[in-house]
$ cat entry.txt   # compact mmCIF, C-alpha atoms
# COMPACT_ATOMS: atom_id res chain seq x y z
CA MET A 1 1.94 11.24 6.34
CA CYS A 2 2.95 9.36 3.24
CA ARG A 3 1.16 8.83 -0.09
CA TRP A 4 0.86 5.52 -1.94
CA ILE A 5 -0.85 3.86 -4.92
CA ALA A 6 -1.44 0.23 -5.86
CA PHE A 7 -2.76 -1.16 -9.15
CA LEU A 8 -3.80 -4.81 -9.67
CA SER A 9 -5.30 -5.89 -12.98
CA GLN A 10 -6.02 -8.85 -15.22
CA GLU A 11 -4.05 -7.11 -17.94
CA GLN A 12 -0.65 -5.48 -18.16
CA ILE A 13 -0.11 -1.75 -17.80
CA LEU A 14 2.99 0.36 -18.26
CA ALA A 15 4.33 1.22 -14.82
CA SER A 16 4.67 4.86 -15.90
CA ASP A 17 0.92 5.01 -16.61
CA VAL A 18 0.36 4.40 -12.90
CA ILE A 19 3.33 6.23 -11.39
CA LEU A 20 4.13 9.17 -13.69
CA ARG A 21 1.63 10.01 -16.41
CA PRO A 22 -1.55 11.34 -14.75
CA LYS A 23 -1.69 15.05 -14.02
CA HIS A 24 -2.32 14.13 -10.39
CA SER A 25 0.08 11.19 -10.30
CA LEU A 26 1.85 10.05 -7.15
CA LEU A 27 4.71 12.41 -7.99
CA LYS A 28 2.37 15.41 -7.83
CA GLN A 29 1.16 14.30 -4.42
CA ILE A 30 4.44 15.41 -2.89
CA ASP A 31 2.90 18.83 -2.35
CA GLU A 32 -0.36 18.99 -4.36
CA HIS A 33 -3.43 17.24 -2.98
CA TYR A 34 -6.90 16.27 -4.12
CA LEU A 35 -8.97 14.89 -1.24
CA PRO A 36 -12.70 14.71 -2.07
CA GLY A 37 -14.75 13.99 1.03
CA ILE A 38 -11.94 15.06 3.40
CA LYS A 39 -12.15 18.34 5.35
CA LEU A 40 -8.62 19.45 6.13
CA GLU A 41 -9.88 22.43 8.12
CA SER A 42 -11.47 20.05 10.61
CA TYR A 43 -8.10 19.22 12.16
CA PRO A 44 -6.94 21.33 15.12
CA THR A 45 -3.81 23.38 14.60
CA ASN A 46 -2.12 21.65 17.54
CA GLU A 47 -2.39 18.15 16.08
CA HIS A 48 0.56 15.88 16.90
CA SER A 49 0.63 14.78 13.24
CA PRO A 50 -2.34 15.43 10.96
CA PRO A 51 -3.54 12.43 8.93
CA ASN A 52 -2.80 14.08 5.57
CA ASN A 53 0.52 15.94 5.53
CA LEU A 54 0.80 18.66 2.91
CA THR A 55 4.41 17.78 2.01
CA ASN A 56 5.82 14.30 1.40
CA ILE A 57 9.43 14.16 0.24
CA ASP A 58 11.47 11.78 2.44
CA GLY A 59 12.01 8.92 0.00
CA PHE A 60 10.30 7.29 -2.96
CA GLY A 61 9.88 3.63 -3.88
CA ILE A 62 8.12 1.42 -6.42
CA GLY A 63 7.34 -2.28 -6.69
CA ILE A 64 6.62 -3.94 -10.05
CA TYR A 65 5.64 -7.58 -10.57
CA THR A 66 6.87 -8.36 -14.07
CA SER A 67 6.53 -11.81 -15.62
CA ALA A 68 9.82 -11.67 -17.53
CA ALA A 69 11.79 -14.00 -15.25
CA GLU A 70 9.01 -16.61 -15.29
CA ARG A 71 9.61 -17.12 -19.01
CA HIS A 72 13.18 -18.18 -18.32
CA VAL A 73 12.70 -20.91 -15.69
CA GLN A 74 13.09 -24.58 -16.56
CA GLU A 75 9.91 -26.34 -17.65
CA ASP A 76 10.18 -28.99 -14.93
CA VAL A 77 10.11 -26.40 -12.14
CA PRO A 78 6.79 -26.58 -10.24
CA LYS A 79 4.45 -23.66 -10.96
CA GLU A 80 4.53 -22.63 -7.29
CA ASP A 81 8.30 -22.15 -7.55
CA GLN A 82 8.11 -20.17 -10.79
CA ARG A 83 6.67 -17.10 -9.12
CA THR A 84 9.29 -14.41 -9.33
CA MET A 85 10.29 -11.77 -6.86
CA PRO A 86 9.13 -8.19 -7.50
CA LEU A 87 11.35 -5.51 -8.92
CA VAL A 88 11.84 -2.97 -6.12
CA TYR A 89 13.40 0.44 -6.66
CA ARG A 90 13.97 2.96 -3.86
CA SER A 91 15.56 6.38 -3.95
CA LEU A 92 16.05 9.46 -1.80
CA LEU A 93 16.08 11.71 -4.87
CA ALA A 94 13.04 13.83 -5.51
CA PRO A 95 11.19 11.57 -7.99
CA VAL A 96 10.62 14.40 -10.50
CA HIS A 97 14.42 14.58 -10.90
CA ASP A 98 15.06 10.83 -10.90
CA ARG A 99 15.95 9.81 -14.47
CA ASN A 100 16.34 6.17 -13.46
CA LEU A 101 12.75 6.10 -12.21
CA GLN A 102 11.46 7.53 -15.47
CA SER A 103 13.52 5.10 -17.55
CA LEU A 104 12.44 2.06 -15.53
CA THR A 105 8.73 2.80 -15.43
CA THR A 106 8.41 3.70 -19.11
CA ASN A 107 9.97 0.36 -20.12
CA LEU A 108 8.28 -2.09 -17.75
CA GLU A 109 4.74 -3.44 -17.83
CA ALA A 110 3.02 -5.53 -15.20
CA LYS A 111 -0.33 -6.58 -13.78
CA CYS A 112 0.64 -5.18 -10.40
CA VAL A 113 2.38 -1.86 -9.76
CA LEU A 114 3.00 -0.08 -6.44
CA GLY A 115 4.34 3.35 -5.61
CA HIS A 116 5.06 5.13 -2.32
CA ILE A 117 6.26 8.58 -1.23
CA ARG A 118 7.46 8.78 2.36
CA ALA A 119 6.90 11.61 4.82
CA VAL A 120 8.78 11.36 8.13
CA HIS A 121 6.41 12.27 10.97
CA SER A 122 8.97 12.51 13.81
CA GLN A 123 11.61 15.22 14.07
CA GLY A 124 15.08 13.70 13.96
CA ALA A 125 13.92 10.43 12.38
CA PRO A 126 16.42 9.11 9.82
CA VAL A 127 15.81 9.52 6.11
CA SER A 128 17.52 6.59 4.43
CA GLU A 129 17.00 4.18 1.56
CA SER A 130 16.59 1.28 3.99
CA ASP A 131 13.62 3.10 5.53
CA THR A 132 11.95 3.71 2.17
CA HIS A 133 8.86 1.71 1.19
CA PRO A 134 7.83 -0.78 -0.07
CA PHE A 135 9.31 -3.38 2.29
CA GLN A 136 9.97 -6.82 0.87
CA PHE A 137 9.47 -10.18 2.58
CA GLY A 138 10.01 -12.90 0.01
CA ARG A 139 7.73 -12.18 -2.94
CA TRP A 140 5.49 -10.01 -0.77
CA LEU A 141 5.57 -6.21 -0.48
CA LEU A 142 4.08 -3.96 2.21
CA MET A 143 3.55 -0.16 2.16
CA HIS A 144 2.26 1.96 5.03
CA ASN A 145 0.88 5.45 5.49
CA GLY A 146 0.47 6.39 9.12
CA GLN A 147 2.22 5.93 12.43
CA VAL A 148 2.36 3.65 15.45
CA ASP A 149 1.98 5.67 18.62
CA ARG A 150 4.53 5.01 21.41
CA PHE A 151 6.67 3.12 18.90
CA LYS A 152 9.87 3.76 20.88
CA SER A 153 8.23 2.29 23.99
CA ILE A 154 6.83 -0.82 22.30
CA HIS A 155 9.78 -1.40 19.95
CA ILE A 156 11.43 -4.20 21.95
CA PRO A 157 8.18 -5.99 22.90
CA LEU A 158 7.14 -5.77 19.25
CA LEU A 159 10.38 -7.43 18.15
CA GLN A 160 9.82 -10.14 20.73
CA LEU A 161 6.53 -11.05 19.08
CA MET A 162 8.27 -11.64 15.74
CA SER A 163 9.80 -14.80 14.40
CA LYS A 164 13.58 -14.94 14.11
CA ARG A 165 13.30 -14.87 10.34
CA ALA A 166 11.10 -11.76 10.37
CA ARG A 167 13.45 -9.91 12.74
CA GLU A 168 16.43 -10.71 10.52
CA ASN A 169 14.59 -9.42 7.44
CA ILE A 170 14.17 -5.93 8.94
CA LYS A 171 16.85 -3.60 7.57
CA GLY A 172 15.66 -0.17 8.73
CA THR A 173 14.29 1.64 11.75
CA THR A 174 10.71 2.57 10.81
CA ASP A 175 7.54 1.54 12.59
CA SER A 176 6.26 0.57 9.12
CA GLU A 177 8.85 -2.15 8.55
CA HIS A 178 8.22 -3.49 12.04
CA ILE A 179 4.51 -3.72 11.21
CA ALA A 180 5.57 -5.75 8.20
CA GLY A 181 7.75 -8.00 10.36
CA LEU A 182 4.84 -8.73 12.69
CA PHE A 183 2.39 -9.35 9.83
CA PHE A 184 4.69 -11.80 8.09
CA THR A 185 5.35 -13.52 11.41
CA PHE A 186 1.63 -14.26 11.67
CA LEU A 187 1.57 -15.36 8.02
CA GLU A 188 4.68 -17.56 8.29
CA PRO A 189 2.97 -20.66 9.82
CA LYS A 190 0.82 -20.87 6.67
CA GLY A 191 3.87 -21.29 4.45
CA PRO A 192 7.03 -19.53 3.28
CA TRP A 193 6.95 -15.96 2.02
CA THR A 194 7.79 -17.22 -1.47
CA LYS A 195 4.38 -18.88 -1.85
CA SER A 196 0.92 -17.49 -2.41
CA HIS A 197 -1.62 -17.30 0.40
CA THR A 198 -5.38 -17.28 0.54
CA LEU A 199 -7.32 -14.11 1.25
CA ALA A 200 -8.53 -15.73 4.47
CA GLU A 201 -4.93 -16.20 5.60
CA LEU A 202 -4.13 -12.57 4.82
CA ARG A 203 -7.23 -11.42 6.70
CA THR A 204 -6.38 -13.42 9.82
CA ALA A 205 -2.73 -12.33 9.86
CA PHE A 206 -3.65 -8.68 9.41
CA ARG A 207 -6.29 -8.64 12.13
CA SER A 208 -3.81 -10.27 14.49
CA THR A 209 -1.20 -7.65 13.58
CA VAL A 210 -3.53 -4.70 14.20
CA ALA A 211 -4.84 -6.11 17.45
CA SER A 212 -1.34 -6.88 18.75
CA ILE A 213 -0.16 -3.34 18.04
CA GLN A 214 -3.25 -1.92 19.72
CA GLY A 215 -2.69 -4.13 22.73
CA LEU A 216 0.97 -3.14 23.08
CA VAL A 217 0.19 0.58 22.92
CA GLU A 218 -2.46 0.14 25.61
CA CYS A 219 -0.05 -1.88 27.78
CA PHE A 220 2.56 0.89 27.57
CA GLY A 221 0.39 3.81 28.58
CA GLY A 222 -2.32 4.16 25.96
CA TYR A 223 -3.04 7.29 23.94
CA GLU A 224 -2.50 10.87 25.02
CA PRO A 225 -4.61 13.71 23.56
CA HIS A 226 -3.85 14.34 19.87
CA HIS A 227 -1.97 11.02 19.60
CA TRP A 228 -3.14 7.93 17.77
CA THR A 229 -2.12 4.98 15.62
CA SER A 230 -3.01 4.99 11.92
CA LEU A 231 -2.55 2.03 9.62
CA ASN A 232 -3.28 2.69 5.96
CA ILE A 233 -1.53 -0.39 4.63
CA CYS A 234 -1.18 -2.24 1.32
CA ILE A 235 0.10 -5.81 1.15
CA THR A 236 0.47 -7.80 -2.08
CA ASP A 237 2.33 -10.60 -3.83
CA GLY A 238 1.27 -9.43 -7.28
CA GLU A 239 -1.73 -11.80 -7.28
CA CYS A 240 -3.53 -11.05 -3.99
CA LEU A 241 -3.93 -7.65 -2.39
CA LEU A 242 -5.06 -6.33 1.00
CA ALA A 243 -5.55 -2.62 1.70
CA SER A 244 -6.69 -0.95 4.92
CA ARG A 245 -7.83 2.44 6.19
CA PHE A 246 -7.61 2.40 9.96
CA ALA A 247 -7.00 4.63 12.97
CA TYR A 248 -7.21 4.06 16.70
CA PRO A 249 -8.75 5.42 18.87
CA ALA A 250 -11.73 5.13 16.55
CA SER A 251 -12.61 8.79 17.13
CA ARG A 252 -9.59 9.74 15.02
CA ASP A 253 -9.73 10.14 11.24
CA PRO A 254 -7.34 7.85 9.39
CA PRO A 255 -5.41 9.21 6.40
CA SER A 256 -7.31 9.37 3.13
CA LEU A 257 -7.66 6.24 0.98
CA TYR A 258 -9.66 5.93 -2.25
CA TRP A 259 -10.40 2.99 -4.53
CA SER A 260 -11.71 2.39 -8.03
CA THR A 261 -12.61 -0.50 -10.33
CA VAL A 262 -13.19 1.70 -13.40
CA ALA A 263 -10.18 4.05 -13.53
CA GLY A 264 -7.99 1.54 -15.41
CA PRO A 265 -8.98 2.59 -18.97
CA HIS A 266 -8.22 6.21 -18.01
CA LEU A 267 -4.80 5.31 -16.66
CA SER A 268 -3.69 2.98 -19.46
CA GLN A 269 -2.60 4.84 -22.58
CA ARG A 270 -3.72 1.92 -24.76
CA TYR A 271 -7.33 2.99 -24.26
CA SER A 272 -9.10 6.00 -25.74
CA ASN A 273 -9.87 7.53 -22.35
CA HIS A 274 -7.38 9.90 -20.73
CA PRO A 275 -6.62 10.38 -17.01
CA ASP A 276 -6.73 14.18 -17.11
CA SER A 277 -9.60 15.36 -19.31
CA PRO A 278 -12.54 14.13 -21.43
CA GLU A 279 -11.16 16.28 -24.23
CA LEU A 280 -7.90 14.33 -24.42
CA TYR A 281 -7.47 10.95 -26.07
CA ASP A 282 -4.87 8.20 -26.06
CA GLY A 283 -4.99 4.81 -27.72
CA SER A 284 -7.68 3.31 -29.90
CA ARG A 285 -8.99 0.59 -27.59
CA ASN A 286 -12.57 0.76 -26.38
CA PRO A 287 -12.56 1.36 -22.60
CA SER A 288 -15.32 -1.23 -22.15
CA LEU A 289 -12.83 -3.94 -23.17
CA HIS A 290 -10.52 -3.31 -20.21
CA GLY A 291 -10.19 -6.30 -17.90
CA ALA A 292 -11.20 -6.38 -14.26
CA HIS A 293 -8.89 -4.35 -12.06
CA PHE A 294 -8.56 -2.61 -8.71
CA VAL A 295 -6.80 0.67 -7.98
CA VAL A 296 -6.34 1.93 -4.44
CA GLY A 297 -4.41 4.99 -3.36
CA SER A 298 -4.09 7.91 -1.00
CA GLU A 299 -5.64 10.24 -3.58
CA PRO A 300 -7.63 9.87 -6.84
CA MET A 301 -5.44 10.10 -9.93
CA THR A 302 -7.99 10.61 -12.71
CA TYR A 303 -10.28 13.57 -13.38
CA ARG A 304 -13.60 11.71 -12.97
CA LYS A 305 -14.44 12.18 -9.29
CA GLU A 306 -17.29 9.67 -9.55
CA ASP A 307 -14.85 6.90 -10.48
CA TRP A 308 -13.28 6.94 -7.00
CA LYS A 309 -14.77 6.04 -3.63
CA LEU A 310 -13.43 7.02 -0.22
CA MET A 311 -12.89 3.90 1.87
CA GLU A 312 -14.69 3.94 5.20
CA PRO A 313 -12.59 4.30 8.36
CA GLY A 314 -11.85 0.98 10.03
CA GLN A 315 -12.19 -1.04 6.83
CA MET A 316 -9.95 -3.35 4.88
CA VAL A 317 -10.52 -4.65 1.38
CA LEU A 318 -9.21 -7.90 -0.07
CA THR A 319 -9.05 -8.94 -3.69
CA SER A 320 -7.07 -11.15 -6.06
CA LEU A 321 -6.64 -11.90 -9.73
CA ALA A 322 -8.40 -15.22 -9.13
CA ALA A 323 -11.40 -13.43 -7.58
CA MET A 324 -11.53 -11.03 -10.53
CA GLU A 325 -11.79 -13.97 -12.93
CA LYS A 326 -15.12 -15.00 -11.39
CA GLY A 327 -16.89 -12.25 -13.32
CA ASP A 328 -17.58 -9.67 -10.61
CA GLU A 329 -15.35 -7.03 -9.04
CA GLY A 330 -13.88 -9.62 -6.70
CA LEU A 331 -13.77 -7.27 -3.70
CA ALA A 332 -14.39 -8.13 -0.06
CA PHE A 333 -14.79 -5.17 2.32
CA GLU A 334 -14.64 -5.96 6.04
CA HIS A 335 -14.28 -4.17 9.34
CA ILE A 336 -10.80 -4.74 10.68
CA ASN A 337 -11.22 -4.94 14.40
CA ASP A 338 -14.21 -5.33 16.68
CA GLY A 339 -12.04 -5.79 19.77
CA PHE A 340 -8.59 -6.73 20.96
CA TYR A 341 -6.95 -10.07 20.33
CA PRO A 342 -4.42 -11.42 22.83
CA VAL A 343 -0.92 -10.07 22.28
CA SER A 344 0.54 -13.43 21.32
CA ARG A 345 2.23 -14.92 18.30
CA GLU A 346 0.46 -18.25 18.87
CA GLN A 347 -3.08 -17.00 18.26
$ encode --input "entry.txt" --output "C-alpha cells"
Amino acid sequence: MCRWIAFLSQEQILASDVILRPKHSLLKQIDEHYLPGIKLESYPTNEHSPPNNLTNIDGFGIGIYTSAAERHVQEDVPKEDQRTMPLVYRSLLAPVHDRNLQSLTTNLEAKCVLGHIRAVHSQGAPVSESDTHPFQFGRWLLMHNGQVDRFKSIHIPLLQLMSKRARENIKGTTDSEHIAGLFFTFLEPKGPWTKSHTLAELRTAFRSTVASIQGLVECFGGYEPHHWTSLNICITDGECLLASRFAYPASRDPPSLYWSTVAGPHLSQRYSNHPDSPELYDGSRNPSLHGAHFVVGSEPMTYRKEDWKLMEPGQMVLTSLAAMEKGDEGLAFEHINDGFYPVSREQ
C-alpha cells in the first residue's frame, strides 16, 4: 500500500518541515515503518495484499496550497473567485534523489501541505506520472492508500456512474483516480469544483462514494478469501479536509492512519520543539503559541508517541480552518457506513 501525510493549520509552515525534515518523514516511509498499535505479524503470509506494504516506491507527489497568487488578483474579483489552485508536483524519481522536490519544499510555505508515496499493488500495473497522487479536480485534491477489489470488473459501471466532466478529468488508470471521479461527481451538484463546500456536503458525497463502490463489488461477485476493499482517503481544498480509515468486509484491517492536533510545534522549525528528540531544539517560539492544526498520516512523524492517535477502523474525520477558529480542535469523527446506499448518482 501507499503512504501519505496531510497537514492543515491556522498558520503557515514550510512544506519541507512536513515532507522532508523529520527523521521519520514521508520519504523514510518508503521502506522504514513506525506503526504503533499495529501488529504486522497478525497478517497471514498468503495475503492478497497486506494493508501496510513494507516498500513504497512507485511514484511521489505533493500538493501545496500557497496564497501567493491570491495577492495578485484584481481587487474587484469576488472572494469566492480568488481562491487559487494548489501547486501539484509529481515525479517517478525516488524522492531522496529528487533535487526539484527539495528545492520546491524548502522555499514554499502554506497552511495546507500534502504528500503521497505510491505502491502499486497489482503485478503489471503501470507506473506513470499520470497515476501518481494527489489527483486534482478543480481546487480540490484527493489521495488514496488502499485498493478497490474487482476494479477491472467494475471499471465500466463505475465510469457510468460519473458525470461527463468527472470522466473527462481522469488522466490515468488507477482505481484511486476513479474513486476521485465518483466522489466529485456526487459533490458536483452542490457547486463547481472551484468553490468551497461545507463539511456536510463532503460527508454526504463521501458516504455515497463508499457505498456505491461497495455495492458494485457485491454486484460483480463480492469478495473472495483474502480480498477486500480499503479506502484510506484524504480530500481537501486547502480549507476543509476529510480523511478516512476504512476497509470492507469489516473483518479486514484497513491500512494504518494516525492523527494529531499537537505535533505542529514539533514539525515547524520556528518553534523550540524538534520532531526527532527532546534533546534537539529549533526556533525560539514557545510551542504553546502554535495555532490550531490537524495532521493526519499513514505513520507518526514525530518522536512523541503520545502525540499521535490511531484512527479507528471504519471512521472518517472532518475538519476545516473555520472550525478551528471556534476555539476547539474542530474535529468531527463519524462512522462512514452503516449499510449500503443505492448505486445511483441521483441519491
$ closest_residue --input "entry.txt" --among "A:Gly297, A:Gly138, A:Pro22, A:Pro265" --to "A:Gly115" --atoms "all atoms listed in the file"
A:Gly297
$ residues_around --input "entry.txt" --residues "stretch 130-135 of chain A" --least-positions-apart "5" --cutoff "6 Å" --atoms "all atoms listed in the file" --output "list in words"
Gly59, Gly61, Leu141, Leu142, Met143 and Gly172 of chain A
$ write_last_selection --input "entry.txt" --atoms "C-alpha atoms" --output "compact mmCIF listing (two decimals), keeping the file's coordinate frame"
# COMPACT_ATOMS: atom_id res chain seq x y z
CA GLY A 59 12.01 8.92 0.00
CA GLY A 61 9.88 3.63 -3.88
CA LEU A 141 5.57 -6.21 -0.48
CA LEU A 142 4.08 -3.96 2.21
CA MET A 143 3.55 -0.16 2.16
CA GLY A 172 15.66 -0.17 8.73
$ residues_around --input "entry.txt" --residues "stretch 244-255 of chain A" --least-positions-apart "6" --cutoff "10 Å" --atoms "all atoms listed in the file" --output "VMD selection string"
chain A and resid 1 to 3 38 43 50 to 53 144 to 149 206 210 214 222 to 223 226 to 235 296 298 310 to 318 333 to 337
$ axis_aligned_box --input "entry.txt" --around "stretch 221-227 of chain A" --padding-each-side "4 Å" --output "lines of an AutoDock Vina configuration file"
center_x = -2.1
center_y = 9.1
center_z = 24.1
size_x = 13.0
size_y = 18.5
size_z = 17.0
$ atom_distance --input "entry.txt" --atom1 "atom CA of A:Ala205" --atom2 "atom CA of A:Leu187"
5.6 Å
$ residues_around --input "entry.txt" --residues "stretch 299-302 of chain A" --least-positions-apart "5" --cutoff "6 Å" --atoms "all atoms listed in the file" --output "ChimeraX atom specification"
/A:24-25,275-276
$ write_last_selection --input "entry.txt" --atoms "C-alpha atoms" --output "CSV table (one decimal), in the coordinates of the input"
chain,number,residue,atom,x,y,z
A,24,HIS,CA,-2.3,14.1,-10.4
A,25,SER,CA,0.1,11.2,-10.3
A,275,PRO,CA,-6.6,10.4,-17.0
A,276,ASP,CA,-6.7,14.2,-17.1
$ residues_around --input "entry.txt" --residues "A:Glu239" --least-positions-apart "4" --cutoff "10 Å" --atoms "only C-alpha atoms" --output "MDAnalysis selection string"
chainID A and resid 8:10 65 111:112 140 196:197 319:323
$ atom_distance --input "entry.txt" --atom1 "atom CA of A:Ile117" --atom2 "atom CA of A:Pro95"
8.9 Å
$ closest_residue --input "entry.txt" --among "A:Ser268, A:Thr173, A:Ser260, A:Asn273" --to "A:Ile19" --atoms "only C-alpha atoms"
A:Ser268
$ residues_around --input "entry.txt" --residues "A:Ile156" --least-positions-apart "3" --cutoff "12 Å" --atoms "only C-alpha atoms" --output "list in words"
Arg150, Phe151, Lys152, Ser153, Leu159, Gln160, Leu161, Met162, Arg167, Asp175, His178, Leu216 and Phe220 of chain A
$ closest_residue --input "entry.txt" --among "A:Val113, A:Ile179, A:Leu241, A:Ile213" --to "A:Glu201" --atoms "only C-alpha atoms"
A:Leu241
$ atom_distance --input "entry.txt" --atom1 "atom CA of A:Arg71" --atom2 "atom CA of A:Arg139"
16.9 Å
$ closest_residue --input "entry.txt" --among "A:Val18, A:Leu101, A:Leu199, A:Ile30" --to "A:Ala119" --atoms "only C-alpha atoms"
A:Ile30
$ closest_residue --input "entry.txt" --among "A:Gly181, A:Pro225, A:Gly238, A:Pro157" --to "A:Ala110" --atoms "all atoms listed in the file"
A:Gly238
$ closest_residue --input "entry.txt" --among "A:Ala166, A:Leu114, A:Ile13, A:Val96" --to "A:Arg270" --atoms "only C-alpha atoms"
A:Ile13
